[in-house]
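Report on one structure; see the data block that follows.
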Amino acid sequence: HTAAMTMKQINESMETMRKACAPKFDLTEATLNELKSGNFRPDANKEMKCYAKCIAQMAGTLTKKGEISFSKTSAQIEALLPTELKAPAKEVLKACKDVHAEYKDSCDKVYYSVKCAADFNRDVFIFP
C-alpha cells in the first residue's frame, strides 16, 4: 500500500513527466506553462493535444486504446493524492468522464478530458 504523496513529491513527479514528454513536441516554454496553469485553449494544436496524451500515459491513466481510464484514474487519485484533494478530484473525474466520447482521435480525447478537468475546478487541477 503506497502512502499518499505530499504536494512536493507530486510536483517533483510532474516535473519528471514534463521533462520526458516536452522534448517530443514542438511547444514553447510559455505554452507548457499555460497548460500547467490550467489554461487549455479550445483551439489547441495537435502538438498540445498529444503532449497532454503523453502526460496522461506517463501518469498511468490511459487504457491500451489511448483513452482516459475511469478506473485507472480513480485508483491513482486514491493512491497518490493527499487526502484533502481526493474528494474534489473524484468530483472532477465524474464530471468529465464522458467528454472523450465526443472525439475520435486519442490526442483529442485526452486533451479535452483534461481541459474539462481544468475548467471544472482549477483549485485541484494538477498538470505538469
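Naming scheme: A, B, ... for chains in displayed order of the C-alpha cells; residues 1 onward per chain; ligands 1 onward as shown.
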Report the closest atom pair, with its distance in Å rounded to one decimal, for each residue of segment 10-65 of chain A that has an atom no farther than 10 Å from segment 90-108 of chain A; count only C-alpha atoms, sort by chain and then rising residue number, and write it as JSON lines.
{"residue": "A:Ala44", "atom": "CA", "partner": "A:Asp108", "partner_atom": "CA", "distance": 9.4}
{"residue": "A:Asn45", "atom": "CA", "partner": "A:Asp108", "partner_atom": "CA", "distance": 9.7}
{"residue": "A:Lys46", "atom": "CA", "partner": "A:Cys107", "partner_atom": "CA", "distance": 7.5}
{"residue": "A:Glu47", "atom": "CA", "partner": "A:Cys107", "partner_atom": "CA", "distance": 9.0}
{"residue": "A:Met48", "atom": "CA", "partner": "A:Cys107", "partner_atom": "CA", "distance": 8.7}
{"residue": "A:Lys49", "atom": "CA", "partner": "A:Cys107", "partner_atom": "CA", "distance": 5.1}
{"residue": "A:Cys50", "atom": "CA", "partner": "A:Cys107", "partner_atom": "CA", "distance": 4.8}
{"residue": "A:Tyr51", "atom": "CA", "partner": "A:Cys107", "partner_atom": "CA", "distance": 8.0}
{"residue": "A:Ala52", "atom": "CA", "partner": "A:Cys107", "partner_atom": "CA", "distance": 7.3}
{"residue": "A:Lys53", "atom": "CA", "partner": "A:Cys107", "partner_atom": "CA", "distance": 5.6}
{"residue": "A:Cys54", "atom": "CA", "partner": "A:Cys107", "partner_atom": "CA", "distance": 8.7}
{"residue": "A:Lys65", "atom": "CA", "partner": "A:Ser106", "partner_atom": "CA", "distance": 7.9}
Would you pick out the contacts of Lys115 of chain A at 8 Å or less, using only C-alpha atoms, so that residues sharing its chain but fewer than 2 positions from it are not included, and give the list as a ChimeraX atom specification?
/A:38-41,111-113,117-119
The selected residues should be written to file as a CSV table (one decimal), in the first residue's frame (atoms: N, CA and C atoms).
chain,number,residue,atom,x,y,z
A,38,GLY,N,-3.4,25.4,-16.2
A,38,GLY,CA,-4.8,25.0,-16.4
A,38,GLY,C,-5.5,25.8,-17.5
A,39,ASN,N,-4.7,26.5,-18.3
A,39,ASN,CA,-5.3,27.3,-19.4
A,39,ASN,C,-5.2,26.4,-20.7
A,40,PHE,N,-6.3,25.6,-20.9
A,40,PHE,CA,-6.3,24.8,-22.1
A,40,PHE,C,-7.2,25.4,-23.2
A,41,ARG,N,-6.6,25.8,-24.2
A,41,ARG,CA,-7.3,26.6,-25.3
A,41,ARG,C,-8.2,25.6,-26.1
A,111,TYR,N,-6.9,15.4,-24.5
A,111,TYR,CA,-6.8,16.9,-24.3
A,111,TYR,C,-8.1,17.5,-23.8
A,112,TYR,N,-9.2,17.1,-24.4
A,112,TYR,CA,-10.5,17.7,-24.0
A,112,TYR,C,-11.0,17.2,-22.7
A,113,SER,N,-10.6,16.0,-22.3
A,113,SER,CA,-10.9,15.5,-21.0
A,113,SER,C,-10.2,16.3,-19.9
A,117,ALA,N,-11.4,19.0,-16.9
A,117,ALA,CA,-11.0,18.9,-15.5
A,117,ALA,C,-10.4,20.3,-15.1
A,118,ALA,N,-9.6,20.9,-15.9
A,118,ALA,CA,-9.1,22.3,-15.6
A,118,ALA,C,-10.2,23.3,-15.5
A,119,ASP,N,-11.2,23.2,-16.4
A,119,ASP,CA,-12.3,24.2,-16.3
A,119,ASP,C,-13.2,23.9,-15.2
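Closest approach to Met14 of chain A among A:Glu78, A:Ile55, A:Lys64, A:Thr31: A:Ile55, based on only C-alpha atoms.
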Considering only C-alpha atoms, state which residue in the set A:Val114, A:Leu80, A:Ala87, A:Ile68 is at the smallest distance from Asn11 of chain A.
A:Leu80
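Proximity of A:Glu67, A:Met58, A:Asp123, A:Lys72 to Ser13 of chain A, computed with only C-alpha atoms, is greatest for A:Met58.
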